[in-house]
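Pasted below: input_28.cif, mmCIF, N, CA and C atoms.
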data_work
loop_
_atom_site.group_PDB
_atom_site.id
_atom_site.type_symbol
_atom_site.label_atom_id
_atom_site.label_comp_id
_atom_site.auth_asym_id
_atom_site.auth_seq_id
_atom_site.Cartn_x
_atom_site.Cartn_y
_atom_site.Cartn_z
ATOM 1 N N MET U 1 5.944 12.741 -33.299
ATOM 2 C CA MET U 1 5.155 12.049 -32.307
ATOM 3 C C MET U 1 5.251 12.793 -30.976
ATOM 4 N N ARG U 2 4.105 13.071 -30.392
ATOM 5 C CA ARG U 2 4.064 13.784 -29.115
ATOM 6 C C ARG U 2 4.379 12.860 -27.953
ATOM 7 N N PRO U 3 5.155 13.330 -26.978
ATOM 8 C CA PRO U 3 5.431 12.481 -25.812
ATOM 9 C C PRO U 3 4.162 12.269 -24.998
ATOM 10 N N ARG U 4 4.018 11.085 -24.470
ATOM 11 C CA ARG U 4 2.865 10.771 -23.634
ATOM 12 C C ARG U 4 3.050 11.339 -22.239
ATOM 13 N N SER U 5 1.957 11.760 -21.648
ATOM 14 C CA SER U 5 2.029 12.236 -20.275
ATOM 15 C C SER U 5 1.509 11.148 -19.349
ATOM 16 N N MET U 6 2.122 11.046 -18.186
ATOM 17 C CA MET U 6 1.716 10.044 -17.223
ATOM 18 C C MET U 6 0.502 10.557 -16.455
ATOM 19 N N LYS U 7 -0.476 9.695 -16.239
ATOM 20 C CA LYS U 7 -1.654 10.062 -15.484
ATOM 21 C C LYS U 7 -1.652 9.302 -14.169
ATOM 22 N N LEU U 8 -1.817 10.046 -13.083
ATOM 23 C CA LEU U 8 -1.886 9.446 -11.759
ATOM 24 C C LEU U 8 -3.331 9.368 -11.319
ATOM 25 N N SER U 9 -3.630 8.375 -10.506
ATOM 26 C CA SER U 9 -4.955 8.352 -9.899
ATOM 27 C C SER U 9 -4.990 9.460 -8.848
ATOM 28 N N LEU U 10 -6.177 9.844 -8.454
ATOM 29 C CA LEU U 10 -6.326 10.891 -7.445
ATOM 30 C C LEU U 10 -5.702 10.448 -6.129
ATOM 31 N N PHE U 11 -5.866 9.174 -5.795
ATOM 32 C CA PHE U 11 -5.291 8.633 -4.576
ATOM 33 C C PHE U 11 -3.770 8.741 -4.596
ATOM 34 N N SER U 12 -3.155 8.390 -5.722
ATOM 35 C CA SER U 12 -1.692 8.481 -5.861
ATOM 36 C C SER U 12 -1.226 9.926 -5.777
ATOM 37 N N ASP U 13 -1.980 10.821 -6.390
ATOM 38 C CA ASP U 13 -1.649 12.240 -6.343
ATOM 39 C C ASP U 13 -1.651 12.739 -4.898
ATOM 40 N N TYR U 14 -2.689 12.395 -4.155
ATOM 41 C CA TYR U 14 -2.776 12.813 -2.750
ATOM 42 C C TYR U 14 -1.664 12.181 -1.923
ATOM 43 N N ALA U 15 -1.341 10.922 -2.198
ATOM 44 C CA ALA U 15 -0.281 10.247 -1.458
ATOM 45 C C ALA U 15 1.062 10.944 -1.677
ATOM 46 N N LEU U 16 1.351 11.304 -2.914
ATOM 47 C CA LEU U 16 2.603 12.017 -3.201
ATOM 48 C C LEU U 16 2.628 13.379 -2.519
ATOM 49 N N ARG U 17 1.508 14.063 -2.511
ATOM 50 C CA ARG U 17 1.445 15.372 -1.860
ATOM 51 C C ARG U 17 1.704 15.260 -0.361
ATOM 52 N N VAL U 18 1.102 14.257 0.279
ATOM 53 C CA VAL U 18 1.305 14.061 1.715
ATOM 54 C C VAL U 18 2.765 13.720 2.014
ATOM 55 N N LEU U 19 3.359 12.850 1.206
ATOM 56 C CA LEU U 19 4.759 12.488 1.429
ATOM 57 C C LEU U 19 5.696 13.672 1.209
ATOM 58 N N MET U 20 5.417 14.482 0.191
ATOM 59 C CA MET U 20 6.241 15.680 -0.033
ATOM 60 C C MET U 20 6.080 16.666 1.117
ATOM 61 N N TYR U 21 4.859 16.837 1.605
ATOM 62 C CA TYR U 21 4.620 17.742 2.727
ATOM 63 C C TYR U 21 5.390 17.263 3.956
ATOM 64 N N ALA U 22 5.339 15.956 4.203
ATOM 65 C CA ALA U 22 6.044 15.392 5.358
ATOM 66 C C ALA U 22 7.549 15.588 5.236
ATOM 67 N N ALA U 23 8.079 15.416 4.042
ATOM 68 C CA ALA U 23 9.522 15.574 3.829
ATOM 69 C C ALA U 23 9.943 17.029 4.010
ATOM 70 N N LEU U 24 9.153 17.951 3.491
ATOM 71 C CA LEU U 24 9.497 19.372 3.616
ATOM 72 C C LEU U 24 9.315 19.867 5.043
ATOM 73 N N LYS U 25 8.305 19.367 5.725
ATOM 74 C CA LYS U 25 8.034 19.799 7.101
ATOM 75 C C LYS U 25 9.161 19.344 8.022
ATOM 76 N N GLY U 26 9.586 18.098 7.887
ATOM 77 C CA GLY U 26 10.706 17.598 8.676
ATOM 78 C C GLY U 26 10.378 17.283 10.121
ATOM 79 N N SER U 27 9.169 17.599 10.560
ATOM 80 C CA SER U 27 8.750 17.301 11.927
ATOM 81 C C SER U 27 7.290 16.869 11.901
ATOM 82 N N SER U 28 6.770 16.601 13.064
ATOM 83 C CA SER U 28 5.391 16.138 13.181
ATOM 84 C C SER U 28 4.407 17.228 12.753
ATOM 85 N N PHE U 29 3.312 16.812 12.110
ATOM 86 C CA PHE U 29 2.292 17.764 11.667
ATOM 87 C C PHE U 29 0.918 17.131 11.799
ATOM 88 N N GLN U 30 -0.100 17.955 11.713
ATOM 89 C CA GLN U 30 -1.485 17.506 11.808
ATOM 90 C C GLN U 30 -2.088 17.357 10.414
ATOM 91 N N LEU U 31 -3.084 16.521 10.301
ATOM 92 C CA LEU U 31 -3.760 16.295 9.028
ATOM 93 C C LEU U 31 -4.388 17.581 8.499
ATOM 94 N N ASP U 32 -4.896 18.402 9.393
ATOM 95 C CA ASP U 32 -5.540 19.655 8.974
ATOM 96 C C ASP U 32 -4.572 20.608 8.276
ATOM 97 N N GLU U 33 -3.300 20.527 8.607
ATOM 98 C CA GLU U 33 -2.306 21.373 7.933
ATOM 99 C C GLU U 33 -2.236 21.038 6.443
ATOM 100 N N VAL U 34 -2.288 19.754 6.129
ATOM 101 C CA VAL U 34 -2.212 19.317 4.736
ATOM 102 C C VAL U 34 -3.495 19.684 4.003
ATOM 103 N N THR U 35 -4.638 19.518 4.670
ATOM 104 C CA THR U 35 -5.906 19.857 4.020
ATOM 105 C C THR U 35 -5.950 21.329 3.653
ATOM 106 N N GLU U 36 -5.414 22.186 4.511
ATOM 107 C CA GLU U 36 -5.391 23.620 4.226
ATOM 108 C C GLU U 36 -4.364 23.964 3.155
ATOM 109 N N ALA U 37 -3.223 23.295 3.184
ATOM 110 C CA ALA U 37 -2.156 23.597 2.224
ATOM 111 C C ALA U 37 -2.564 23.245 0.797
ATOM 112 N N TYR U 38 -3.269 22.124 0.626
ATOM 113 C CA TYR U 38 -3.606 21.657 -0.714
ATOM 114 C C TYR U 38 -5.096 21.739 -1.041
ATOM 115 N N ASN U 39 -5.903 22.201 -0.084
ATOM 116 C CA ASN U 39 -7.345 22.323 -0.278
ATOM 117 C C ASN U 39 -7.968 20.988 -0.723
ATOM 118 N N ILE U 40 -7.674 19.946 0.063
ATOM 119 C CA ILE U 40 -8.170 18.600 -0.207
ATOM 120 C C ILE U 40 -9.069 18.180 0.945
ATOM 121 N N SER U 41 -10.083 17.390 0.648
ATOM 122 C CA SER U 41 -11.012 16.891 1.652
ATOM 123 C C SER U 41 -10.273 16.137 2.757
ATOM 124 N N ARG U 42 -10.635 16.425 4.004
ATOM 125 C CA ARG U 42 -10.004 15.761 5.145
ATOM 126 C C ARG U 42 -10.257 14.257 5.111
ATOM 127 N N ASN U 43 -11.461 13.847 4.711
ATOM 128 C CA ASN U 43 -11.787 12.420 4.664
ATOM 129 C C ASN U 43 -10.927 11.679 3.643
ATOM 130 N N HIS U 44 -10.702 12.283 2.489
ATOM 131 C CA HIS U 44 -9.851 11.647 1.479
ATOM 132 C C HIS U 44 -8.420 11.514 1.996
ATOM 133 N N LEU U 45 -7.921 12.582 2.618
ATOM 134 C CA LEU U 45 -6.551 12.538 3.123
ATOM 135 C C LEU U 45 -6.402 11.546 4.263
ATOM 136 N N ALA U 46 -7.428 11.382 5.082
ATOM 137 C CA ALA U 46 -7.360 10.419 6.183
ATOM 138 C C ALA U 46 -7.167 9.004 5.635
ATOM 139 N N LYS U 47 -7.848 8.678 4.546
ATOM 140 C CA LYS U 47 -7.685 7.361 3.922
ATOM 141 C C LYS U 47 -6.283 7.188 3.363
ATOM 142 N N VAL U 48 -5.761 8.239 2.756
ATOM 143 C CA VAL U 48 -4.412 8.190 2.192
ATOM 144 C C VAL U 48 -3.383 8.015 3.298
ATOM 145 N N VAL U 49 -3.493 8.796 4.364
ATOM 146 C CA VAL U 49 -2.541 8.718 5.472
ATOM 147 C C VAL U 49 -2.611 7.343 6.140
ATOM 148 N N ASN U 50 -3.809 6.819 6.299
ATOM 149 C CA ASN U 50 -3.964 5.491 6.892
ATOM 150 C C ASN U 50 -3.252 4.440 6.043
ATOM 151 N N SER U 51 -3.419 4.509 4.748
ATOM 152 C CA SER U 51 -2.772 3.561 3.846
ATOM 153 C C SER U 51 -1.251 3.699 3.898
ATOM 154 N N LEU U 52 -0.752 4.930 3.861
ATOM 155 C CA LEU U 52 0.699 5.155 3.902
ATOM 156 C C LEU U 52 1.302 4.718 5.237
ATOM 157 N N SER U 53 0.556 4.859 6.321
ATOM 158 C CA SER U 53 1.079 4.431 7.619
ATOM 159 C C SER U 53 1.115 2.909 7.717
ATOM 160 N N LYS U 54 0.129 2.228 7.133
ATOM 161 C CA LYS U 54 0.142 0.760 7.125
ATOM 162 C C LYS U 54 1.315 0.218 6.314
ATOM 163 N N LEU U 55 1.695 0.953 5.267
ATOM 164 C CA LEU U 55 2.830 0.546 4.434
ATOM 165 C C LEU U 55 4.174 0.938 5.045
ATOM 166 N N GLY U 56 4.153 1.755 6.114
ATOM 167 C CA GLY U 56 5.380 2.144 6.801
ATOM 168 C C GLY U 56 6.009 3.434 6.316
ATOM 169 N N TYR U 57 5.366 4.110 5.368
ATOM 170 C CA TYR U 57 5.917 5.362 4.855
ATOM 171 C C TYR U 57 5.707 6.528 5.820
ATOM 172 N N LEU U 58 4.659 6.445 6.633
ATOM 173 C CA LEU U 58 4.374 7.478 7.623
ATOM 174 C C LEU U 58 4.248 6.847 8.999
ATOM 175 N N ASP U 59 4.637 7.601 10.020
ATOM 176 C CA ASP U 59 4.385 7.224 11.410
ATOM 177 C C ASP U 59 3.283 8.129 11.922
ATOM 178 N N THR U 60 2.283 7.542 12.552
ATOM 179 C CA THR U 60 1.184 8.337 13.097
ATOM 180 C C THR U 60 1.061 8.057 14.580
ATOM 181 N N ARG U 61 0.720 9.107 15.330
ATOM 182 C CA ARG U 61 0.482 8.992 16.770
ATOM 183 C C ARG U 61 -0.817 9.704 17.085
ATOM 184 N N ARG U 62 -1.655 9.047 17.858
ATOM 185 C CA ARG U 62 -2.937 9.632 18.234
ATOM 186 C C ARG U 62 -2.817 10.351 19.566
ATOM 187 N N GLY U 63 -3.798 11.193 19.834
ATOM 188 C CA GLY U 63 -3.889 11.841 21.137
ATOM 189 C C GLY U 63 -3.079 13.116 21.237
ATOM 190 N N ARG U 64 -3.005 13.594 22.467
ATOM 191 C CA ARG U 64 -2.277 14.830 22.722
ATOM 192 C C ARG U 64 -0.791 14.642 22.418
ATOM 193 N N GLY U 65 -0.241 15.564 21.681
ATOM 194 C CA GLY U 65 1.161 15.461 21.283
ATOM 195 C C GLY U 65 1.360 14.532 20.103
ATOM 196 N N GLY U 66 0.283 14.042 19.531
ATOM 197 C CA GLY U 66 0.368 13.143 18.391
ATOM 198 C C GLY U 66 0.539 13.901 17.100
ATOM 199 N N GLY U 67 0.564 13.175 16.021
ATOM 200 C CA GLY U 67 0.697 13.789 14.726
ATOM 201 C C GLY U 67 1.195 12.793 13.700
ATOM 202 N N ILE U 68 1.608 13.305 12.579
ATOM 203 C CA ILE U 68 2.067 12.501 11.453
ATOM 204 C C ILE U 68 3.490 12.923 11.133
ATOM 205 N N GLN U 69 4.328 11.974 10.808
ATOM 206 C CA GLN U 69 5.677 12.303 10.345
ATOM 207 C C GLN U 69 6.175 11.218 9.416
ATOM 208 N N LEU U 70 7.223 11.510 8.697
ATOM 209 C CA LEU U 70 7.809 10.561 7.755
ATOM 210 C C LEU U 70 8.279 9.323 8.516
ATOM 211 N N GLY U 71 7.942 8.157 8.004
ATOM 212 C CA GLY U 71 8.282 6.914 8.694
ATOM 213 C C GLY U 71 9.617 6.338 8.285
ATOM 214 N N MET U 72 9.934 6.405 7.023
ATOM 215 C CA MET U 72 11.181 5.835 6.529
ATOM 216 C C MET U 72 12.210 6.943 6.340
ATOM 217 N N LYS U 73 13.341 6.788 6.978
ATOM 218 C CA LYS U 73 14.374 7.813 6.879
ATOM 219 C C LYS U 73 15.661 7.194 6.430
#
In structure tokens, write the structure found in this file.
Amino acid sequence: MRPRSMKLSLFSDYALRVLMYAALKGSSFQLDEVTEAYNISRNHLAKVVNSLSKLGYLDTRRGRGGGIQLGMK
């Protein structure tokens, strides 16, 4: 019997990628950095980041000097 492979939704895949990027970066970063690193649509990532920030996994700051960073440490 072959082992089953787990399938993630695209949203879950992007969420894991953003969280891993935030953990490896260790400091504040811009959304465009993630879009370039993984070649993912900025609009899709914006929805993912918004959801993760509402859940408390990410901290986001708008404006000059703003950015995204890991929320739970």
From U:Leu70, U:Ala37, U:Leu10, U:Ala46, residue lying nearest Ala23 in chain U [only N, CA and C atoms]: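 Closest to Ala23 in chain U of all the choices is U:Leu70.
If you look at CA of Val18 in chain U and atom N of Asp59 in chain U, they are 11.0 Å away from each other.
What separates CA of Asn50 in chain U from CA of Arg17 in chain U is a distance of 14.3 Å.
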Picked residues, the PyMOL selection byres ((chain U and resi 24-32) around 6.5), expected as a PyMOL selection string: chain U and resi 19-23+33-37+66-70
I'd like to know which residues of chain U are strand (DSSP E or B) (by DSSP, run on the backbone); could you write them as a count of residues only? 9
Could you tell me how far CA of His44 in chain U sits from atom N of Leu58 in chain U, in Å to one decimal place? 16.3 Å
Quick one: of U:Tyr14, U:Met6, U:Met1, U:Met72, who's nearest to Leu45 in chain U, counting all atoms listed in the file?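 For Leu45 in chain U, the nearest of the given residues is U:Tyr14.
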